[in-house]
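Asks: So I've got this file, final.json, and it contains JSON, C-alpha atoms:
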[["chain", "number", "residue", "atom", "x", "y", "z"],
["A", 1, "GLN", "CA", -17.26, 7.68, -5.20],
["A", 2, "VAL", "CA", -13.54, 7.85, -4.57],
["A", 3, "THR", "CA", -11.32, 6.98, -7.52],
["A", 4, "LEU", "CA", -7.63, 7.39, -8.20],
["A", 5, "LYS", "CA", -5.73, 6.75, -11.40],
["A", 6, "GLU", "CA", -2.04, 6.82, -12.10],
["A", 7, "SER", "CA", -0.41, 7.82, -15.36],
["A", 8, "GLY", "CA", 3.19, 7.69, -16.49],
["A", 9, "PRO", "CA", 5.49, 7.24, -19.46],
["A", 10, "GLY", "CA", 5.36, 3.44, -19.62],
["A", 11, "MET", "CA", 9.02, 3.18, -20.48],
["A", 12, "LEU", "CA", 12.05, 5.38, -20.04],
["A", 13, "GLN", "CA", 15.81, 5.15, -20.24],
["A", 14, "PRO", "CA", 18.24, 4.84, -17.35],
["A", 15, "SER", "CA", 19.44, 8.11, -15.82],
["A", 16, "LYS", "CA", 16.26, 9.96, -16.88],
["A", 17, "THR", "CA", 13.66, 11.51, -14.60],
["A", 18, "LEU", "CA", 10.42, 9.62, -14.11],
["A", 19, "SER", "CA", 7.30, 11.77, -13.84],
["A", 20, "LEU", "CA", 4.08, 10.26, -12.55],
["A", 21, "THR", "CA", 0.62, 11.76, -12.10],
["A", 22, "CYS", "CA", -2.15, 10.64, -9.79],
["A", 23, "SER", "CA", -5.53, 12.01, -10.79],
["A", 24, "PHE", "CA", -8.29, 11.56, -8.27],
["A", 25, "SER", "CA", -11.92, 12.39, -7.62],
["A", 26, "GLY", "CA", -14.52, 11.85, -4.93],
["A", 27, "PHE", "CA", -12.53, 13.57, -2.19],
["A", 28, "SER", "CA", -10.67, 16.79, -1.64],
["A", 29, "LEU", "CA", -7.00, 16.85, -0.74],
["A", 30, "SER", "CA", -7.72, 20.12, 1.07],
["A", 31, "THR", "CA", -9.78, 18.24, 3.68],
["A", 32, "SER", "CA", -8.03, 18.09, 7.03],
["A", 33, "GLY", "CA", -6.19, 14.79, 7.53],
["A", 34, "MET", "CA", -6.25, 13.76, 3.89],
["A", 35, "VAL", "CA", -3.09, 12.28, 2.39],
["A", 36, "VAL", "CA", -2.12, 10.85, -1.01],
["A", 37, "SER", "CA", 0.80, 8.44, -1.13],
["A", 38, "TRP", "CA", 2.88, 6.78, -3.82],
["A", 39, "ILE", "CA", 3.69, 3.10, -3.44],
["A", 40, "ARG", "CA", 5.48, 0.83, -5.89],
["A", 41, "GLN", "CA", 5.78, -2.87, -6.54],
["A", 42, "PRO", "CA", 8.42, -4.55, -8.70],
["A", 43, "SER", "CA", 7.09, -7.58, -10.52],
["A", 44, "GLY", "CA", 6.78, -10.54, -8.17],
["A", 45, "LYS", "CA", 7.86, -8.51, -5.14],
["A", 46, "SER", "CA", 6.27, -6.73, -2.24],
["A", 47, "LEU", "CA", 5.07, -3.17, -1.87],
["A", 48, "GLU", "CA", 7.32, -0.22, -1.05],
["A", 49, "TRP", "CA", 5.96, 3.09, 0.22],
["A", 50, "LEU", "CA", 7.75, 5.98, -1.50],
["A", 51, "ALA", "CA", 6.29, 9.36, -0.64],
["A", 52, "ALA", "CA", 3.20, 11.24, 0.44],
["A", 53, "ILE", "CA", 1.72, 14.72, 0.54],
["A", 54, "ASP", "CA", -0.96, 15.80, 2.92],
["A", 55, "TRP", "CA", -3.82, 18.27, 3.00],
["A", 56, "ASP", "CA", -1.58, 20.96, 4.46],
["A", 57, "GLY", "CA", 1.12, 20.52, 1.84],
["A", 58, "ASP", "CA", 3.47, 18.63, 4.16],
["A", 59, "LYS", "CA", 5.58, 16.08, 2.37],
["A", 60, "TYR", "CA", 6.87, 12.73, 3.56],
["A", 61, "TYR", "CA", 9.57, 10.63, 1.94],
["A", 62, "ASN", "CA", 11.02, 7.16, 2.30],
["A", 63, "PRO", "CA", 14.46, 7.97, 3.74],
["A", 64, "SER", "CA", 16.14, 5.38, 1.54],
["A", 65, "LEU", "CA", 14.99, 7.21, -1.62],
["A", 66, "LYS", "CA", 14.50, 10.74, -0.37],
["A", 67, "SER", "CA", 17.33, 12.32, -2.37],
["A", 68, "ARG", "CA", 15.69, 11.21, -5.64],
["A", 69, "LEU", "CA", 12.02, 11.89, -4.89],
["A", 70, "THR", "CA", 9.86, 14.96, -5.19],
["A", 71, "VAL", "CA", 6.14, 14.86, -4.43],
["A", 72, "SER", "CA", 3.83, 17.75, -5.20],
["A", 73, "LYS", "CA", 0.21, 18.58, -5.87],
["A", 74, "ASP", "CA", -1.65, 20.93, -8.14],
["A", 75, "THR", "CA", -3.39, 24.04, -6.87],
["A", 76, "SER", "CA", -6.84, 22.61, -7.54],
["A", 77, "ASN", "CA", -6.07, 19.65, -5.26],
["A", 78, "THR", "CA", -7.15, 17.08, -7.85],
["A", 79, "GLN", "CA", -3.74, 15.75, -8.86],
["A", 80, "VAL", "CA", -0.59, 14.63, -7.09],
["A", 81, "PHE", "CA", 2.73, 14.22, -8.82],
["A", 82, "LEU", "CA", 5.88, 12.23, -8.17],
["A", 83, "LYS", "CA", 9.25, 12.73, -9.77],
["A", 84, "ILE", "CA", 12.07, 10.23, -9.43],
["A", 85, "THR", "CA", 15.44, 11.36, -10.70],
["A", 86, "SER", "CA", 18.27, 9.23, -12.11],
["A", 87, "VAL", "CA", 16.19, 6.11, -12.64],
["A", 88, "ASP", "CA", 17.79, 2.74, -13.20],
["A", 89, "ILE", "CA", 16.57, -0.79, -13.84],
["A", 90, "ALA", "CA", 15.73, -1.23, -10.16],
["A", 91, "ASP", "CA", 13.00, 1.41, -10.53],
["A", 92, "THR", "CA", 11.08, -0.84, -12.91],
["A", 93, "ALA", "CA", 7.78, -1.45, -11.13],
["A", 94, "THR", "CA", 4.08, -0.84, -11.00],
["A", 95, "TYR", "CA", 3.46, 2.48, -9.32],
["A", 96, "TYR", "CA", 0.32, 3.03, -7.27],
["A", 97, "CYS", "CA", -1.17, 6.07, -5.66],
["A", 98, "ALA", "CA", -3.39, 5.62, -2.65],
["A", 99, "ARG", "CA", -5.44, 7.74, -0.30],
["A", 100, "SER", "CA", -5.40, 7.78, 3.45],
["A", 101, "TRP", "CA", -7.41, 9.91, 5.86],
["A", 102, "GLU", "CA", -6.35, 10.62, 9.43],
["A", 103, "LEU", "CA", -4.63, 7.24, 9.66],
["A", 104, "TRP", "CA", -1.75, 5.87, 7.68],
["A", 105, "TYR", "CA", -4.16, 3.34, 6.23],
["A", 106, "PHE", "CA", -4.53, 3.24, 2.47],
["A", 107, "ASP", "CA", -8.27, 2.94, 2.01],
["A", 108, "PHE", "CA", -8.46, 3.64, -1.73],
["A", 109, "TRP", "CA", -5.93, 2.65, -4.39],
["A", 110, "GLY", "CA", -5.51, 3.36, -8.05],
["A", 111, "PRO", "CA", -5.13, 0.48, -10.52],
["A", 112, "GLY", "CA", -1.41, 1.20, -10.89],
["A", 113, "THR", "CA", 0.75, 2.18, -13.83],
["A", 114, "MET", "CA", 3.61, 0.03, -15.02],
["A", 115, "VAL", "CA", 6.97, 1.68, -15.59],
["A", 116, "THR", "CA", 9.88, -0.05, -17.29],
["A", 117, "VAL", "CA", 13.37, 1.37, -17.20],
["A", 118, "SER", "CA", 15.35, 0.09, -20.13],
["A", 119, "SER", "CA", 17.94, 1.29, -22.57],
["B", 1, "ASP", "CA", 13.49, 0.72, 9.75],
["B", 2, "ILE", "CA", 10.89, -1.66, 11.08],
["B", 3, "GLN", "CA", 10.94, -4.94, 9.16],
["B", 4, "MET", "CA", 7.73, -6.88, 8.65],
["B", 5, "THR", "CA", 7.97, -10.65, 8.20],
["B", 6, "GLN", "CA", 4.96, -12.52, 6.93],
["B", 7, "THR", "CA", 4.51, -16.27, 7.24],
["B", 8, "PRO", "CA", 3.93, -18.39, 5.36],
["B", 9, "SER", "CA", 4.95, -16.93, 2.01],
["B", 10, "SER", "CA", 2.49, -19.26, 0.32],
["B", 11, "MET", "CA", -0.35, -21.31, 1.66],
["B", 12, "PRO", "CA", -2.35, -23.97, -0.19],
["B", 13, "ALA", "CA", -5.85, -24.20, 1.23],
["B", 14, "SER", "CA", -9.29, -25.55, 0.40],
["B", 15, "LEU", "CA", -12.66, -23.91, 0.08],
["B", 16, "GLY", "CA", -14.34, -23.61, 3.46],
["B", 17, "GLU", "CA", -11.05, -23.94, 5.34],
["B", 18, "ARG", "CA", -10.05, -21.61, 8.15],
["B", 19, "VAL", "CA", -6.66, -20.00, 7.56],
["B", 20, "THR", "CA", -4.39, -17.68, 9.50],
["B", 21, "ILE", "CA", -1.61, -15.52, 8.09],
["B", 22, "SER", "CA", 1.01, -14.15, 10.46],
["B", 23, "CYS", "CA", 2.93, -10.91, 10.42],
["B", 24, "ARG", "CA", 5.81, -10.20, 12.79],
["B", 25, "ALA", "CA", 7.41, -6.79, 13.27],
["B", 26, "SER", "CA", 11.07, -6.35, 14.12],
["B", 27, "GLN", "CA", 9.98, -4.19, 17.08],
["B", 28, "GLY", "CA", 6.73, -3.35, 18.79],
["B", 29, "ILE", "CA", 4.32, -1.36, 16.62],
["B", 30, "SER", "CA", 1.54, -0.58, 19.11],
["B", 31, "ASN", "CA", -1.21, -2.19, 17.00],
["B", 32, "TYR", "CA", -0.49, 0.14, 14.06],
["B", 33, "LEU", "CA", -0.99, -2.68, 11.61],
["B", 34, "ASN", "CA", -3.13, -2.89, 8.47],
["B", 35, "TRP", "CA", -3.95, -5.69, 6.02],
["B", 36, "TYR", "CA", -4.54, -5.59, 2.26],
["B", 37, "GLN", "CA", -5.58, -8.08, -0.41],
["B", 38, "GLN", "CA", -4.12, -8.02, -3.92],
["B", 39, "LYS", "CA", -5.69, -9.86, -6.82],
["B", 40, "PRO", "CA", -3.71, -11.23, -9.82],
["B", 41, "ASP", "CA", -4.69, -8.21, -11.93],
["B", 42, "GLY", "CA", -2.92, -5.96, -9.42],
["B", 43, "THR", "CA", -6.01, -4.53, -7.76],
["B", 44, "ILE", "CA", -5.37, -3.78, -4.10],
["B", 45, "LYS", "CA", -8.18, -3.78, -1.58],
["B", 46, "PRO", "CA", -7.97, -2.69, 2.05],
["B", 47, "LEU", "CA", -9.21, -5.26, 4.55],
["B", 48, "ILE", "CA", -8.36, -4.35, 8.14],
["B", 49, "TYR", "CA", -6.94, -1.30, 9.89],
["B", 50, "TYR", "CA", -5.43, -0.77, 13.33],
["B", 51, "THR", "CA", -5.04, -4.51, 13.87],
["B", 52, "SER", "CA", -8.66, -5.56, 14.08],
["B", 53, "ASN", "CA", -11.01, -3.02, 12.49],
["B", 54, "LEU", "CA", -12.80, -4.31, 9.43],
["B", 55, "GLN", "CA", -12.95, -2.03, 6.40],
["B", 56, "SER", "CA", -16.51, -1.20, 5.41],
["B", 57, "GLY", "CA", -17.83, -3.76, 2.94],
["B", 58, "VAL", "CA", -15.31, -6.47, 3.82],
["B", 59, "PRO", "CA", -17.01, -9.77, 4.75],
["B", 60, "SER", "CA", -17.08, -10.71, 8.41],
["B", 61, "ARG", "CA", -15.18, -13.93, 7.70],
["B", 62, "PHE", "CA", -12.06, -11.73, 7.77],
["B", 63, "SER", "CA", -10.66, -10.79, 11.15],
["B", 64, "GLY", "CA", -7.43, -9.44, 12.56],
["B", 65, "SER", "CA", -5.73, -9.68, 15.92],
["B", 66, "GLY", "CA", -2.42, -9.22, 17.64],
["B", 67, "SER", "CA", -0.30, -6.95, 19.78],
["B", 68, "GLY", "CA", 3.29, -5.95, 20.32],
["B", 69, "THR", "CA", 5.25, -7.51, 17.48],
["B", 70, "ASP", "CA", 2.90, -10.34, 16.43],
["B", 71, "TYR", "CA", -0.24, -9.95, 14.35],
["B", 72, "SER", "CA", -2.47, -12.21, 12.33],
["B", 73, "LEU", "CA", -5.18, -12.19, 9.69],
["B", 74, "THR", "CA", -7.74, -14.98, 9.84],
["B", 75, "ILE", "CA", -10.26, -15.99, 7.21],
["B", 76, "SER", "CA", -12.84, -18.20, 8.90],
["B", 77, "SER", "CA", -14.15, -20.05, 5.84],
["B", 78, "LEU", "CA", -12.46, -19.59, 2.48],
["B", 79, "GLU", "CA", -14.54, -18.47, -0.47],
["B", 80, "PRO", "CA", -13.33, -18.68, -4.11],
["B", 81, "GLU", "CA", -12.66, -14.93, -4.26],
["B", 82, "ASP", "CA", -10.31, -15.08, -1.26],
["B", 83, "PHE", "CA", -7.47, -16.77, -3.17],
["B", 84, "ALA", "CA", -5.08, -13.85, -3.61],
["B", 85, "MET", "CA", -2.00, -12.19, -2.14],
["B", 86, "TYR", "CA", -2.18, -10.66, 1.33],
["B", 87, "TYR", "CA", 0.09, -7.97, 2.74],
["B", 88, "CYS", "CA", 0.46, -6.48, 6.18],
["B", 89, "GLN", "CA", 1.63, -2.89, 6.66],
["B", 90, "GLN", "CA", 2.88, -1.09, 9.76],
["B", 91, "TYR", "CA", 2.50, 2.61, 10.40],
["B", 92, "ASP", "CA", 4.19, 2.98, 13.75],
["B", 93, "SER", "CA", 7.47, 4.17, 12.32],
["B", 94, "SER", "CA", 7.22, 7.65, 10.82],
["B", 95, "PRO", "CA", 7.81, 8.35, 7.99],
["B", 96, "THR", "CA", 8.64, 4.88, 6.72],
["B", 97, "TRP", "CA", 5.55, 2.77, 6.34],
["B", 98, "THR", "CA", 6.64, -0.77, 5.55],
["B", 99, "PHE", "CA", 4.86, -3.77, 4.13],
["B", 100, "GLY", "CA", 5.37, -7.44, 4.75],
["B", 101, "GLY", "CA", 6.69, -9.69, 2.03],
["B", 102, "GLY", "CA", 3.25, -11.05, 1.22],
["B", 103, "THR", "CA", 1.42, -14.35, 1.54],
["B", 104, "LYS", "CA", -0.01, -16.08, -1.51],
["B", 105, "LEU", "CA", -3.18, -17.97, -0.67],
["B", 106, "GLU", "CA", -3.59, -20.72, -3.25],
["B", 107, "LEU", "CA", -6.27, -23.25, -3.95],
["B", 108, "LYS", "CA", -5.17, -26.72, -2.87]]
Render the structure in this file as structure tokens.

Replies:
Amino acid sequence: QVTLKESGPGMLQPSKTLSLTCSFSGFSLSTSGMVVSWIRQPSGKSLEWLAAIDWDGDKYYNPSLKSRLTVSKDTSNTQVFLKITSVDIADTATYYCARSWELWYFDFWGPGTMVTVSS
Amino acid sequence: DIQMTQTPSSMPASLGERVTISCRASQGISNYLNWYQQKPDGTIKPLIYYTSNLQSGVPSRFSGSGSGTDYSLTISSLEPEDFAMYYCQQYDSSPTWTFGGGTKLELK
């Protein structure tokens, strides 16, 4: 059974660095073609793909946010991380991690973690 | 970036009704188009991949079609659990995978 779950700070101040963790089970990120992505959704708005890391350690970033994003994974291939530097109010959103396998099709999603940027 | 425009943004409909949601890309995306359903609690469920392939476990009343820049999701007969938000997503343009603005399917 594939599951993913996001965790984060809940709230942080502007200009800080946001650190998010995606913990997953039921699949191995070392399997060829496997990818874990980060996607966010401000309240009442649509979804925005942010970044991804694949089975081979290759990383993909949304060009519009690339300078602020860093995606990584742990050596046991059970967690993926996302850091966003210099956050501001516009980064307030629910952050999801999602799996895809051989297609850029997100076939399993976590429940999301809400992040509020506020002073 | 490829822009995805969904229409309508909201759609009142009745149980048993057949509905179609449209998604238009700003350029051709070679059928690299997926659909997702989002419930009010935020849960996101995949429905259709590569234009017309039904995700395992998704009821057959859901179907997808399209080509070039124009794609659609059809629900043949609405059930109570189908009232939700729907999003299309293109994956033709690497590495920016973009979503449509969403369509809210509401009970009339």

Asks: Expressed in Å to a single decimal, how great is the separation between atom CA of Gly57 of chain B and atom CA of Thr74 of chain B?

Replies: 16.6 Å

Asks: Find the distance between atom CA of Leu29 of chain A and atom CA of Leu50 of chain A and write it in Å to one decimal.

Replies: 18.3 Å

Asks: Would you please work out which residue, of B:Leu33, B:Leu107, B:Leu54, B:Leu15, is nearest to Glu79 of chain B when using only C-alpha atoms?

Replies: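 Ranked by minimum distance to Glu79 of chain B, first place goes to B:Leu15.
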
Asks: Set out as a Markdown table a contact list for chain B and chain A with a cut-off of 7 Å, giving each residue of chain B that qualifies its closest atom pair and distance in Å to one decimal, counting all atoms listed in the file, ordered by chain and rising residue number.

Replies:
| residue | atom | partner | partner_atom | distance |
| --- | --- | --- | --- | --- |
| B:Asn34 | CA | A:Tyr105 | CA | 6.7 |
| B:Gly42 | CA | A:Pro111 | CA | 6.9 |
| B:Thr43 | CA | A:Pro111 | CA | 5.8 |
| B:Ile44 | CA | A:Trp109 | CA | 6.5 |
| B:Pro46 | CA | A:Asp107 | CA | 5.6 |
| B:Tyr49 | CA | A:Tyr105 | CA | 6.5 |
| B:Tyr91 | CA | A:Trp104 | CA | 6.0 |
| B:Pro95 | CA | A:Tyr60 | CA | 6.3 |
| B:Thr96 | CA | A:Asn62 | CA | 5.5 |
| B:Trp97 | CA | A:Trp49 | CA | 6.1 |
| B:Thr98 | CA | A:Trp49 | CA | 6.6 |
| B:Phe99 | CA | A:Leu47 | CA | 6.0 |
| B:Gly101 | CA | A:Ser46 | CA | 5.2 |
| B:Gly102 | CA | A:Ser46 | CA | 6.3 |

Asks: Return as AutoDock Vina command-line options the centre and edge lengths, in Å with one decimal, of the box along x, y and z that encloses every atom of segment 37-50 of chain B in the file, padded by 5 Å per side.

Replies:
--center_x -6.1 --center_y -6.0 --center_z 0.7 --size_x 16.3 --size_y 20.5 --size_z 35.3

Asks: With a distance cut-off of 8 Å and only C-alpha atoms, select the neighbouring residues of segment 16-31 of chain B, excluding the residue or stretch itself and same-chain residues fewer than 4 positions from it, and output the selection as a ChimeraX atom specification.

Replies: /B:2-8,50-51,66-79,88,90-93,100,103

Asks: For atom CA of Gln13 of chain A and atom CA of Tyr95 of chain A, quote the distance in Å rounded to one decimal.

Replies: 16.7 Å

Asks: Considering all atoms listed in the file, return as number ranges by chain whatever protein or nucleic-acid residues lie within 7 Å of Val36 of chain A, sequence-local ones (same chain, fewer than 6 positions apart) excluded.

Replies: A: 52-54, 97-100

Asks: For each of A:Gln79, A:Arg68, A:Ser119, A:Leu18, take the minimum atom-to-atom distance to Thr3 of chain A, counting all atoms listed in the file, then give the residue where this is smallest.

Replies: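 For Thr3 of chain A, the nearest of the candidates is A:Gln79.
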
Asks: Hey, which of B:Ser60, B:Ser52, B:Asp82, B:Ser94 ends up closest to Ser14 of chain B? Count all atoms listed in the file.

Replies: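 Once distances to Ser14 of chain B are computed over all atoms listed in the file, the minimum belongs to B:Asp82.
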
Asks: With distances taken over all atoms listed in the file, which residue among B:Ser10, B:Ser56, B:Ser63, B:Gln38 lies nearest Ala84 of chain B?

Replies: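 Once distances to Ala84 of chain B are computed over all atoms listed in the file, the minimum belongs to B:Gln38.
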
Asks: Which residue out of A:Leu12, A:Leu20, A:Leu65, A:Met34 has the minimum interatomic distance to Trp101 of chain A when only C-alpha atoms are used?

Replies: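 With only C-alpha atoms as the atom set, the closest residue is A:Met34.
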
Asks: Reconstruct all heavy atoms of segment 7-18 of chain B from the incomplete input and present them as a compact mmCIF listing (two decimals), in the frame of the given file.

Replies:
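Okay, result07.txt is ready:
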# COMPACT_ATOMS: atom_id res chain seq x y z
N THR B 7 4.43 -14.83 7.41
CA THR B 7 4.51 -16.27 7.24
C THR B 7 3.12 -16.87 7.18
O THR B 7 2.20 -16.39 7.86
CB THR B 7 5.29 -16.93 8.39
OG1 THR B 7 4.71 -16.53 9.63
CG2 THR B 7 6.76 -16.55 8.36
N PRO B 8 2.95 -17.90 6.33
CA PRO B 8 3.93 -18.39 5.36
C PRO B 8 3.98 -17.48 4.14
O PRO B 8 3.15 -16.58 4.01
CB PRO B 8 3.37 -19.77 5.01
CG PRO B 8 1.89 -19.59 5.12
CD PRO B 8 1.67 -18.64 6.26
N SER B 9 4.90 -17.71 3.24
CA SER B 9 4.95 -16.93 2.01
C SER B 9 3.91 -17.45 1.01
O SER B 9 3.46 -16.69 0.15
CB SER B 9 6.35 -16.98 1.39
OG SER B 9 6.74 -18.32 1.17
N SER B 10 3.58 -18.72 1.12
CA SER B 10 2.49 -19.26 0.32
C SER B 10 1.76 -20.31 1.15
O SER B 10 2.36 -20.94 2.02
CB SER B 10 2.99 -19.86 -0.99
OG SER B 10 3.76 -21.00 -0.75
N MET B 11 0.48 -20.44 0.85
CA MET B 11 -0.35 -21.31 1.66
C MET B 11 -1.40 -21.97 0.77
O MET B 11 -2.31 -21.29 0.30
CB MET B 11 -1.01 -20.50 2.77
CG MET B 11 -2.00 -21.28 3.60
SD MET B 11 -2.89 -20.23 4.78
CE MET B 11 -1.62 -19.94 5.99
N PRO B 12 -1.28 -23.27 0.52
CA PRO B 12 -2.35 -23.97 -0.19
C PRO B 12 -3.48 -24.26 0.78
O PRO B 12 -3.23 -24.68 1.92
CB PRO B 12 -1.68 -25.26 -0.66
CG PRO B 12 -0.50 -25.44 0.22
CD PRO B 12 -0.15 -24.15 0.84
N ALA B 13 -4.71 -23.99 0.35
CA ALA B 13 -5.85 -24.20 1.23
C ALA B 13 -7.06 -24.57 0.40
O ALA B 13 -7.09 -24.39 -0.81
CB ALA B 13 -6.11 -22.94 2.05
N SER B 14 -8.07 -25.08 1.07
CA SER B 14 -9.29 -25.55 0.40
C SER B 14 -10.46 -24.63 0.70
O SER B 14 -10.47 -23.92 1.72
CB SER B 14 -9.63 -26.96 0.89
OG SER B 14 -8.56 -27.85 0.68
N LEU B 15 -11.43 -24.66 -0.17
CA LEU B 15 -12.66 -23.91 0.08
C LEU B 15 -13.27 -24.33 1.41
O LEU B 15 -13.28 -25.52 1.75
CB LEU B 15 -13.66 -24.15 -1.05
CG LEU B 15 -13.31 -23.54 -2.41
CD1 LEU B 15 -14.27 -24.03 -3.49
CD2 LEU B 15 -13.35 -22.03 -2.33
N GLY B 16 -13.72 -23.35 2.16
CA GLY B 16 -14.34 -23.61 3.46
C GLY B 16 -13.35 -23.74 4.61
O GLY B 16 -13.77 -23.77 5.77
N GLU B 17 -12.06 -23.79 4.29
CA GLU B 17 -11.05 -23.94 5.34
C GLU B 17 -10.83 -22.64 6.10
O GLU B 17 -11.03 -21.55 5.56
CB GLU B 17 -9.74 -24.39 4.69
CG GLU B 17 -8.63 -24.78 5.66
CD GLU B 17 -7.42 -25.36 4.93
OE1 GLU B 17 -7.56 -25.81 3.77
OE2 GLU B 17 -6.33 -25.35 5.54
N ARG B 18 -10.44 -22.76 7.33
CA ARG B 18 -10.05 -21.61 8.15
C ARG B 18 -8.54 -21.44 8.04
O ARG B 18 -7.80 -22.42 8.24
CB ARG B 18 -10.44 -21.85 9.61
CG ARG B 18 -10.03 -20.74 10.57
CD ARG B 18 -10.36 -21.16 11.99
NE ARG B 18 -9.96 -20.18 12.99
CZ ARG B 18 -10.76 -19.23 13.43
NH1 ARG B 18 -12.00 -19.12 12.97
NH2 ARG B 18 -10.33 -18.36 14.35
